[in-house]
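Below: data-v5.pdb (PDB, C-alpha atoms, pLDDT in the B column)
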ATOM      1  CA  MET A   1      31.304 -24.294 -12.748  1.00 53.00           C
ATOM      2  CA  HIS A   2      31.966 -21.976 -15.695  1.00 67.00           C
ATOM      3  CA  ARG A   3      33.610 -19.158 -13.730  1.00 71.00           C
ATOM      4  CA  VAL A   4      36.247 -18.415 -16.371  1.00 75.00           C
ATOM      5  CA  GLY A   5      33.691 -18.282 -19.177  1.00 80.00           C
ATOM      6  CA  CYS A   6      31.477 -15.865 -17.226  1.00 88.00           C
ATOM      7  CA  ARG A   7      34.290 -13.516 -16.274  1.00 80.00           C
ATOM      8  CA  SER A   8      35.753 -13.458 -19.773  1.00 85.00           C
ATOM      9  CA  ARG A   9      32.423 -11.993 -20.890  1.00 90.00           C
ATOM     10  CA  GLY A  10      32.046  -9.618 -17.958  1.00 89.00           C
ATOM     11  CA  ALA A  11      29.229 -11.599 -16.400  1.00 94.00           C
ATOM     12  CA  LEU A  12      28.654 -12.711 -12.825  1.00 94.00           C
ATOM     13  CA  LEU A  13      28.255 -16.362 -11.940  1.00 95.00           C
ATOM     14  CA  VAL A  14      25.124 -16.725  -9.787  1.00 96.00           C
ATOM     15  CA  VAL A  15      24.203 -20.214  -8.562  1.00 97.00           C
ATOM     16  CA  ASP A  16      20.839 -21.409  -7.245  1.00 98.00           C
ATOM     17  CA  ASN A  17      21.877 -23.754  -4.447  1.00 98.00           C
ATOM     18  CA  THR A  18      18.400 -24.614  -3.161  1.00 98.00           C
ATOM     19  CA  THR A  19      18.509 -28.334  -3.903  1.00 97.00           C
ATOM     20  CA  PRO A  20      21.987 -29.324  -2.632  1.00 97.00           C
ATOM     21  CA  THR A  21      21.901 -26.781   0.249  1.00 98.00           C
ATOM     22  CA  PRO A  22      25.122 -25.521   1.892  1.00 98.00           C
ATOM     23  CA  LEU A  23      25.747 -29.008   3.305  1.00 98.00           C
ATOM     24  CA  GLY A  24      25.686 -30.588  -0.137  1.00 98.00           C
ATOM     25  CA  GLN A  25      27.498 -27.983  -2.222  1.00 98.00           C
ATOM     26  CA  GLN A  26      29.299 -24.698  -1.561  1.00 97.00           C
ATOM     27  CA  PRO A  27      29.362 -22.708  -4.814  1.00 97.00           C
ATOM     28  CA  LEU A  28      31.299 -19.746  -3.403  1.00 97.00           C
ATOM     29  CA  SER A  29      34.291 -21.985  -2.738  1.00 96.00           C
ATOM     30  CA  LEU A  30      34.002 -23.217  -6.336  1.00 95.00           C
ATOM     31  CA  GLY A  31      34.217 -19.727  -7.792  1.00 94.00           C
ATOM     32  CA  ALA A  32      30.638 -18.455  -7.865  1.00 96.00           C
ATOM     33  CA  ASP A  33      30.119 -14.749  -7.291  1.00 96.00           C
ATOM     34  CA  LEU A  34      26.724 -15.063  -5.628  1.00 97.00           C
ATOM     35  CA  VAL A  35      24.550 -17.860  -4.270  1.00 98.00           C
ATOM     36  CA  VAL A  36      20.775 -17.610  -4.112  1.00 98.00           C
ATOM     37  CA  ALA A  37      18.571 -20.223  -2.474  1.00 98.00           C
ATOM     38  CA  SER A  38      15.120 -20.853  -1.116  1.00 97.00           C
ATOM     39  CA  ALA A  39      15.199 -21.477   2.621  1.00 96.00           C
ATOM     40  CA  THR A  40      11.573 -22.610   2.282  1.00 97.00           C
ATOM     41  CA  LYS A  41      12.743 -26.028   1.122  1.00 98.00           C
ATOM     42  CA  ALA A  42      15.235 -28.324   2.904  1.00 98.00           C
ATOM     43  CA  LEU A  43      16.941 -25.621   4.939  1.00 97.00           C
ATOM     44  CA  ALA A  44      13.775 -24.893   6.934  1.00 97.00           C
ATOM     45  CA  GLY A  45      12.246 -28.223   6.016  1.00 97.00           C
ATOM     46  CA  HIS A  46       8.861 -28.088   7.724  1.00 96.00           C
ATOM     47  CA  GLY A  47       6.675 -26.479   5.059  1.00 93.00           C
ATOM     48  CA  ASP A  48       5.596 -23.665   7.364  1.00 94.00           C
ATOM     49  CA  LEU A  49       7.394 -20.581   6.041  1.00 94.00           C
ATOM     50  CA  LEU A  50       8.556 -18.707   2.944  1.00 94.00           C
ATOM     51  CA  ALA A  51      12.133 -17.485   3.004  1.00 95.00           C
ATOM     52  CA  GLY A  52      15.227 -17.132   0.875  1.00 94.00           C
ATOM     53  CA  TYR A  53      18.718 -15.716   0.962  1.00 95.00           C
ATOM     54  CA  VAL A  54      21.597 -14.365  -1.075  1.00 96.00           C
ATOM     55  CA  ALA A  55      25.212 -15.051  -0.087  1.00 97.00           C
ATOM     56  CA  GLY A  56      28.405 -13.689  -1.573  1.00 97.00           C
ATOM     57  CA  SER A  57      32.099 -13.244  -0.950  1.00 92.00           C
ATOM     58  CA  HIS A  58      32.479  -9.828  -2.619  1.00 95.00           C
ATOM     59  CA  PRO A  59      31.737  -6.945  -0.201  1.00 96.00           C
ATOM     60  CA  GLU A  60      30.873  -4.520  -2.993  1.00 96.00           C
ATOM     61  CA  LEU A  61      28.257  -6.877  -4.450  1.00 96.00           C
ATOM     62  CA  MET A  62      26.703  -7.523  -1.061  1.00 97.00           C
ATOM     63  CA  ALA A  63      26.572  -3.793  -0.359  1.00 97.00           C
ATOM     64  CA  MET A  64      24.666  -3.261  -3.623  1.00 96.00           C
ATOM     65  CA  LEU A  65      22.215  -6.020  -2.708  1.00 94.00           C
ATOM     66  CA  GLU A  66      21.683  -4.626   0.777  1.00 93.00           C
ATOM     67  CA  ARG A  67      20.987  -1.211  -0.744  1.00 94.00           C
ATOM     68  CA  GLU A  68      18.445  -2.734  -3.132  1.00 92.00           C
ATOM     69  CA  ARG A  69      16.774  -4.567  -0.249  1.00 90.00           C
ATOM     70  CA  LEU A  70      16.580  -1.319   1.699  1.00 90.00           C
ATOM     71  CA  LEU A  71      14.862   0.428  -1.211  1.00 92.00           C
ATOM     72  CA  ALA A  72      12.613  -2.470  -2.203  1.00 90.00           C
ATOM     73  CA  GLY A  73      11.588  -3.225   1.367  1.00 78.00           C
ATOM     74  CA  ALA A  74      11.298  -7.012   1.150  1.00 78.00           C
ATOM     75  CA  ILE A  75      12.565  -8.476   4.415  1.00 84.00           C
ATOM     76  CA  LEU A  76      11.785 -11.585   6.428  1.00 90.00           C
ATOM     77  CA  GLY A  77       9.240 -11.151   9.207  1.00 92.00           C
ATOM     78  CA  PRO A  78      10.364 -11.778  12.801  1.00 94.00           C
ATOM     79  CA  PHE A  79       8.252 -14.898  13.241  1.00 96.00           C
ATOM     80  CA  GLU A  80       9.512 -16.412   9.978  1.00 95.00           C
ATOM     81  CA  ALA A  81      13.069 -15.577  11.037  1.00 95.00           C
ATOM     82  CA  TRP A  82      12.466 -17.384  14.341  1.00 96.00           C
ATOM     83  CA  LEU A  83      11.030 -20.420  12.519  1.00 96.00           C
ATOM     84  CA  THR A  84      14.100 -20.522  10.287  1.00 96.00           C
ATOM     85  CA  LEU A  85      16.472 -20.380  13.247  1.00 96.00           C
ATOM     86  CA  ARG A  86      14.467 -23.120  14.957  1.00 95.00           C
ATOM     87  CA  SER A  87      14.769 -25.316  11.879  1.00 97.00           C
ATOM     88  CA  LEU A  88      18.527 -24.885  11.501  1.00 97.00           C
ATOM     89  CA  GLY A  89      19.065 -26.885  14.690  1.00 97.00           C
ATOM     90  CA  SER A  90      17.851 -30.088  13.017  1.00 98.00           C
ATOM     91  CA  PHE A  91      18.907 -29.281   9.461  1.00 98.00           C
ATOM     92  CA  GLY A  92      22.026 -31.463   9.396  1.00 98.00           C
ATOM     93  CA  LEU A  93      20.199 -34.526  10.706  1.00 98.00           C
ATOM     94  CA  ARG A  94      17.250 -34.025   8.368  1.00 98.00           C
ATOM     95  CA  PHE A  95      19.351 -33.484   5.262  1.00 98.00           C
ATOM     96  CA  GLU A  96      21.553 -36.503   5.984  1.00 98.00           C
ATOM     97  CA  ARG A  97      18.473 -38.756   6.204  1.00 98.00           C
ATOM     98  CA  GLN A  98      16.924 -37.195   3.090  1.00 98.00           C
ATOM     99  CA  CYS A  99      20.075 -37.896   1.069  1.00 98.00           C
ATOM    100  CA  HIS A 100      20.267 -41.437   2.431  1.00 98.00           C
ATOM    101  CA  ASN A 101      16.626 -42.084   1.542  1.00 98.00           C
ATOM    102  CA  ALA A 102      17.009 -40.563  -1.910  1.00 98.00           C
ATOM    103  CA  LEU A 103      19.893 -42.858  -2.811  1.00 98.00           C
ATOM    104  CA  ALA A 104      18.082 -45.929  -1.458  1.00 98.00           C
ATOM    105  CA  VAL A 105      14.932 -45.104  -3.432  1.00 98.00           C
ATOM    106  CA  ALA A 106      16.911 -44.296  -6.594  1.00 98.00           C
ATOM    107  CA  LEU A 107      18.707 -47.640  -6.404  1.00 98.00           C
ATOM    108  CA  MET A 108      15.382 -49.450  -6.058  1.00 98.00           C
ATOM    109  CA  LEU A 109      13.762 -47.515  -8.909  1.00 98.00           C
ATOM    110  CA  ARG A 110      16.694 -48.074 -11.260  1.00 96.00           C
ATOM    111  CA  GLY A 111      15.795 -51.730 -11.778  1.00 91.00           C
ATOM    112  CA  HIS A 112      12.025 -51.503 -11.279  1.00 97.00           C
ATOM    113  CA  PRO A 113       9.851 -52.898 -14.120  1.00 97.00           C
ATOM    114  CA  ALA A 114       7.373 -49.998 -13.839  1.00 98.00           C
ATOM    115  CA  VAL A 115      10.074 -47.341 -14.255  1.00 98.00           C
ATOM    116  CA  ARG A 116      11.335 -46.054 -17.600  1.00 98.00           C
ATOM    117  CA  ALA A 117      14.181 -43.886 -16.310  1.00 98.00           C
ATOM    118  CA  VAL A 118      15.713 -42.578 -13.084  1.00 98.00           C
ATOM    119  CA  ARG A 119      17.895 -39.519 -12.545  1.00 98.00           C
ATOM    120  CA  TYR A 120      19.864 -38.987  -9.356  1.00 98.00           C
ATOM    121  CA  PRO A 121      23.436 -37.668  -9.283  1.00 98.00           C
ATOM    122  CA  GLY A 122      24.354 -40.135  -6.546  1.00 98.00           C
ATOM    123  CA  LEU A 123      23.858 -43.111  -8.874  1.00 98.00           C
ATOM    124  CA  PRO A 124      27.197 -44.272 -10.315  1.00 97.00           C
ATOM    125  CA  ASP A 125      25.741 -44.567 -13.827  1.00 97.00           C
ATOM    126  CA  ASP A 126      23.950 -41.202 -13.804  1.00 98.00           C
ATOM    127  CA  PRO A 127      25.235 -38.831 -16.537  1.00 98.00           C
ATOM    128  CA  SER A 128      25.899 -36.156 -13.888  1.00 98.00           C
ATOM    129  CA  HIS A 129      27.629 -38.429 -11.380  1.00 98.00           C
ATOM    130  CA  GLU A 130      31.235 -37.593 -12.285  1.00 98.00           C
ATOM    131  CA  LEU A 131      30.617 -33.843 -12.176  1.00 97.00           C
ATOM    132  CA  ALA A 132      28.593 -34.144  -8.982  1.00 98.00           C
ATOM    133  CA  CYS A 133      31.394 -36.061  -7.279  1.00 98.00           C
ATOM    134  CA  ARG A 134      33.829 -33.267  -8.121  1.00 97.00           C
ATOM    135  CA  GLN A 135      31.792 -30.440  -6.654  1.00 97.00           C
ATOM    136  CA  MET A 136      29.207 -31.888  -4.254  1.00 98.00           C
ATOM    137  CA  LYS A 137      29.548 -33.286  -0.739  1.00 97.00           C
ATOM    138  CA  ARG A 138      26.046 -34.797  -0.695  1.00 98.00           C
ATOM    139  CA  PHE A 139      23.663 -35.429  -3.567  1.00 98.00           C
ATOM    140  CA  GLY A 140      20.419 -34.075  -2.133  1.00 98.00           C
ATOM    141  CA  GLY A 141      16.960 -35.457  -1.506  1.00 98.00           C
ATOM    142  CA  LEU A 142      15.387 -35.173  -4.990  1.00 98.00           C
ATOM    143  CA  VAL A 143      15.011 -38.077  -7.409  1.00 98.00           C
ATOM    144  CA  GLY A 144      13.670 -37.776 -10.953  1.00 98.00           C
ATOM    145  CA  VAL A 145      11.640 -40.745 -12.185  1.00 98.00           C
ATOM    146  CA  GLU A 146       9.812 -41.364 -15.440  1.00 98.00           C
ATOM    147  CA  LEU A 147       6.763 -43.644 -15.429  1.00 98.00           C
ATOM    148  CA  VAL A 148       4.727 -44.667 -18.445  1.00 98.00           C
ATOM    149  CA  ASP A 149       2.208 -41.790 -18.296  1.00 98.00           C
ATOM    150  CA  ALA A 150       0.405 -39.305 -16.073  1.00 98.00           C
ATOM    151  CA  ALA A 151      -2.042 -41.943 -14.846  1.00 98.00           C
ATOM    152  CA  ALA A 152       0.848 -44.019 -13.531  1.00 98.00           C
ATOM    153  CA  VAL A 153       2.049 -41.089 -11.432  1.00 98.00           C
ATOM    154  CA  HIS A 154      -1.474 -40.584 -10.111  1.00 98.00           C
ATOM    155  CA  ASP A 155      -1.679 -44.280  -9.210  1.00 98.00           C
ATOM    156  CA  LEU A 156       1.672 -44.101  -7.431  1.00 98.00           C
ATOM    157  CA  VAL A 157       0.405 -41.356  -5.132  1.00 98.00           C
ATOM    158  CA  ALA A 158      -2.978 -43.037  -4.623  1.00 98.00           C
ATOM    159  CA  ARG A 159      -1.487 -46.412  -3.686  1.00 98.00           C
ATOM    160  CA  SER A 160       1.362 -45.141  -1.528  1.00 98.00           C
ATOM    161  CA  GLY A 161       0.938 -44.785   2.198  1.00 98.00           C
ATOM    162  CA  LEU A 162       3.856 -42.373   2.603  1.00 98.00           C
ATOM    163  CA  LEU A 163       3.962 -40.214  -0.541  1.00 98.00           C
ATOM    164  CA  VAL A 164       1.803 -37.109  -0.858  1.00 97.00           C
ATOM    165  CA  ALA A 165       1.261 -34.863  -3.873  1.00 97.00           C
ATOM    166  CA  ALA A 166       3.038 -31.533  -3.332  1.00 97.00           C
ATOM    167  CA  THR A 167       4.757 -28.926  -5.498  1.00 95.00           C
ATOM    168  CA  SER A 168       7.299 -27.784  -2.943  1.00 96.00           C
ATOM    169  CA  PHE A 169      10.122 -30.072  -1.813  1.00 98.00           C
ATOM    170  CA  GLY A 170      12.697 -30.602   0.908  1.00 98.00           C
ATOM    171  CA  GLY A 171      10.271 -31.265   3.760  1.00 98.00           C
ATOM    172  CA  ILE A 172      10.291 -33.991   6.371  1.00 98.00           C
ATOM    173  CA  HIS A 173       7.500 -35.857   4.545  1.00 98.00           C
ATOM    174  CA  SER A 174       8.161 -37.513   1.168  1.00 98.00           C
ATOM    175  CA  SER A 175       6.231 -36.095  -1.765  1.00 98.00           C
ATOM    176  CA  VAL A 176       5.657 -36.382  -5.519  1.00 98.00           C
ATOM    177  CA  ASP A 177       5.221 -33.666  -8.135  1.00 98.00           C
ATOM    178  CA  ARG A 178       4.354 -34.438 -11.777  1.00 98.00           C
ATOM    179  CA  ARG A 179       6.136 -31.613 -13.537  1.00 96.00           C
ATOM    180  CA  ALA A 180       4.385 -31.713 -16.938  1.00 97.00           C
ATOM    181  CA  ARG A 181       1.191 -30.414 -15.352  1.00 96.00           C
ATOM    182  CA  TRP A 182       2.994 -27.110 -14.747  1.00 96.00           C
ATOM    183  CA  GLY A 183       4.120 -26.903 -18.373  1.00 96.00           C
ATOM    184  CA  ASP A 184       7.670 -28.178 -17.910  1.00 96.00           C
ATOM    185  CA  PRO A 185       9.079 -29.670 -21.152  1.00 97.00           C
ATOM    186  CA  VAL A 186       9.251 -33.208 -19.766  1.00 97.00           C
ATOM    187  CA  PRO A 187       7.386 -36.465 -20.494  1.00 98.00           C
ATOM    188  CA  GLU A 188       3.859 -36.740 -19.068  1.00 98.00           C
ATOM    189  CA  GLY A 189       4.987 -39.528 -16.756  1.00 98.00           C
ATOM    190  CA  PHE A 190       7.981 -37.678 -15.318  1.00 98.00           C
ATOM    191  CA  ALA A 191       7.773 -36.996 -11.584  1.00 98.00           C
ATOM    192  CA  ARG A 192      10.036 -35.382  -9.028  1.00 98.00           C
ATOM    193  CA  LEU A 193      10.265 -37.334  -5.800  1.00 98.00           C
ATOM    194  CA  SER A 194      11.271 -35.385  -2.704  1.00 98.00           C
ATOM    195  CA  LEU A 195      12.390 -37.858  -0.060  1.00 98.00           C
ATOM    196  CA  GLY A 196      11.742 -37.009   3.556  1.00 98.00           C
ATOM    197  CA  ILE A 197      13.012 -38.417   6.818  1.00 98.00           C
ATOM    198  CA  GLU A 198      10.837 -41.519   7.084  1.00 98.00           C
ATOM    199  CA  ASP A 199      12.398 -44.881   7.901  1.00 98.00           C
ATOM    200  CA  THR A 200      14.397 -45.915   4.844  1.00 98.00           C
ATOM    201  CA  ASP A 201      13.149 -49.507   4.645  1.00 98.00           C
ATOM    202  CA  ASP A 202       9.541 -48.375   5.090  1.00 98.00           C
ATOM    203  CA  LEU A 203       9.916 -45.815   2.326  1.00 98.00           C
ATOM    204  CA  VAL A 204      11.544 -48.175  -0.175  1.00 98.00           C
ATOM    205  CA  THR A 205       8.979 -50.905   0.540  1.00 98.00           C
ATOM    206  CA  ASP A 206       6.054 -48.499   0.268  1.00 98.00           C
ATOM    207  CA  ILE A 207       7.108 -47.037  -3.095  1.00 98.00           C
ATOM    208  CA  ASP A 208       7.955 -50.447  -4.523  1.00 98.00           C
ATOM    209  CA  ARG A 209       4.548 -51.792  -3.485  1.00 98.00           C
ATOM    210  CA  ALA A 210       2.743 -48.730  -4.860  1.00 98.00           C
ATOM    211  CA  LEU A 211       4.434 -49.131  -8.246  1.00 98.00           C
ATOM    212  CA  ARG A 212       3.506 -52.796  -8.461  1.00 93.00           C
TER     213      ARG A 212
END
I'd like the structure from this file rewritten - as structure tokens, please.
Amino acid sequence: MHRVGCRSRGALLVVDNTTPTPLGQQPLSLGADLVVASATKALAGHGDLLAGYVAGSHPELMAMLERERLLAGAILGPFEAWLTLRSLGSFGLRFERQCHNALAVALMLRGHPAVRAVRYPGLPDDPSHELACRQMKRFGGLVGVELVDAAAVHDLVARSGLLVAATSFGGIHSSVDRRARWGDPVPEGFARLSLGIEDTDDLVTDIDRALR
């Protein structure tokens, strides 16, 4: 992380830690000033609430944020807070399986004839692997894959028995999101796979069959 560069310019280093979660990466211990994250995704993991959080190690910064929250009025409802607490009990088990499934699927996709490119920091030949190994404990449940075009992504979802089309990620069910449809500057056939907690062999076999 570029802590020194930020501080030399009088800026704060704020890290979005939604994807790796606190079990995969701990930015505060790496020098970040603040961490923001969506608890809607893997932390809660059931697709039934909207939540987020800010964490920091500087009391003065946290006091400013608490003051802003008091004035702005945006707080989590009691039922959503209960759902989040409920979900934390299984978070470690869910995230461990998601990371395991993501690596297994990425390894299968890397040599698949229907796949143009795969990105996952847990792959030894991924451009981000060395950096990820230095600062991450787990590599998360998201895999980037590029197919030939948008129709190929549509066919993948249609032929798969386990993948569903969804924009959010981090849930217990595996999903696919073709990012170009939202205007992201990526190829038309690029998709983000969010791997859930299904049986690993079933998931790998299902995606391989759907691509073929």
Test item: the PyMOL selection byres ((chain A and resi 15-21) around 7) resolved as a ChimeraX atom specification: /A:13-14,22-25,27,32,34-38,43,139-140
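Put simply, the PyMOL selection byres ((chain A and resi 71-77) around 12) on this file hits Ala39, Thr40, Leu49, Leu50, Ala51, Gly52, Tyr53, Met64, Leu65, Glu66, Arg67, Glu68, Arg69, Leu70, Pro78, Phe79, Glu80, Ala81, Trp82, Leu83 and Thr84 of chain A.
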Using the chain letters and residue numbers of this document, give as JSON, numbers by chain the residues selected by the PyMOL selection byres ((chain A and resi 171) around 6). {"A": [42, 45, 46, 169, 170, 172, 173, 196]}
Residues from the last selection, C-alpha atoms, saved as an mmCIF file, keeping the file's coordinate frame:
data_model
loop_
_atom_site.group_PDB
_atom_site.id
_atom_site.type_symbol
_atom_site.label_atom_id
_atom_site.label_comp_id
_atom_site.auth_asym_id
_atom_site.auth_seq_id
_atom_site.Cartn_x
_atom_site.Cartn_y
_atom_site.Cartn_z
ATOM 1 C CA ALA A 42 15.235 -28.324 2.904
ATOM 2 C CA GLY A 45 12.246 -28.223 6.016
ATOM 3 C CA HIS A 46 8.861 -28.088 7.724
ATOM 4 C CA PHE A 169 10.122 -30.072 -1.813
ATOM 5 C CA GLY A 170 12.697 -30.602 0.908
ATOM 6 C CA ILE A 172 10.291 -33.991 6.371
ATOM 7 C CA HIS A 173 7.500 -35.857 4.545
ATOM 8 C CA GLY A 196 11.742 -37.009 3.556
#
With 8 Å of padding per side, what axis-aligned box (centre and edge lengths, Å, one decimal) covers all the listed atoms of range 204-207 of chain A? Give it as JSON.
{"center_x": 8.8, "center_y": -49.0, "center_z": -1.3, "size_x": 21.5, "size_y": 19.9, "size_z": 19.6}
With distances taken over only C-alpha atoms, which residue among A:Leu93, A:Leu109, A:Leu30, A:Val4 lies nearest Met136 in chain A? A:Leu30
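Rounded to one decimal, CA of Arg3 in chain A and CA of Gln135 in chain A lie 13.4 Å from each other.
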So that I can check the surroundings of Val204 in chain A, please list as a ChimeraX atom specification every protein, DNA and RNA residue that reaches within 12 Å of it, counting only C-alpha atoms and ignoring chain neighbours fewer than 4 positions away. /A:100-109,112,160-163,174,195-196,198-200,208-211
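The space separating CA of Asp177 in chain A from CA of Val164 in chain A comes to 8.7 Å.
Rounded to one decimal, CA of Arg179 in chain A and CA of Ala114 in chain A lie 18.4 Å from each other.
Among A:Leu123, A:Ala191, A:Leu85, A:Ala180, the residue with the shortest atom-to-atom distance to Ala152 in chain A, counting only C-alpha atoms, is A:Ala191.
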Ranking A:Ser168, A:Ser90, A:Ser29, A:Ser8 by minimum distance to Ala44 in chain A and counting only C-alpha atoms, which one comes first?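 Distance minimum relative to Ala44 in chain A lands on A:Ser90.
Counting all atoms listed in the file and comparing A:Gly183, A:Arg159, A:Arg192, A:Val54, the residue that lies closest to Asp206 in chain A is A:Arg159.
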Within 6 Å of (10.8, -45.2, -11.1), in the coordinates the file gives, what residues turn up when you count only C-alpha atoms, written out as a ChimeraX atom specification? /A:109,115,118,145-146
Given all atoms listed in the file as the basis, pick out the residue of A:Ala63, A:Gln26, A:Thr167, A:Val176 nearest to Arg134 in chain A.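 Using all atoms listed in the file, the shortest distance to Arg134 in chain A belongs to A:Gln26.
Candidate residues A:Leu203, A:Ala11, A:Leu28, A:Leu156 were compared for distance to Gln98 in chain A, and the nearest is A:Leu203, using all atoms listed in the file.
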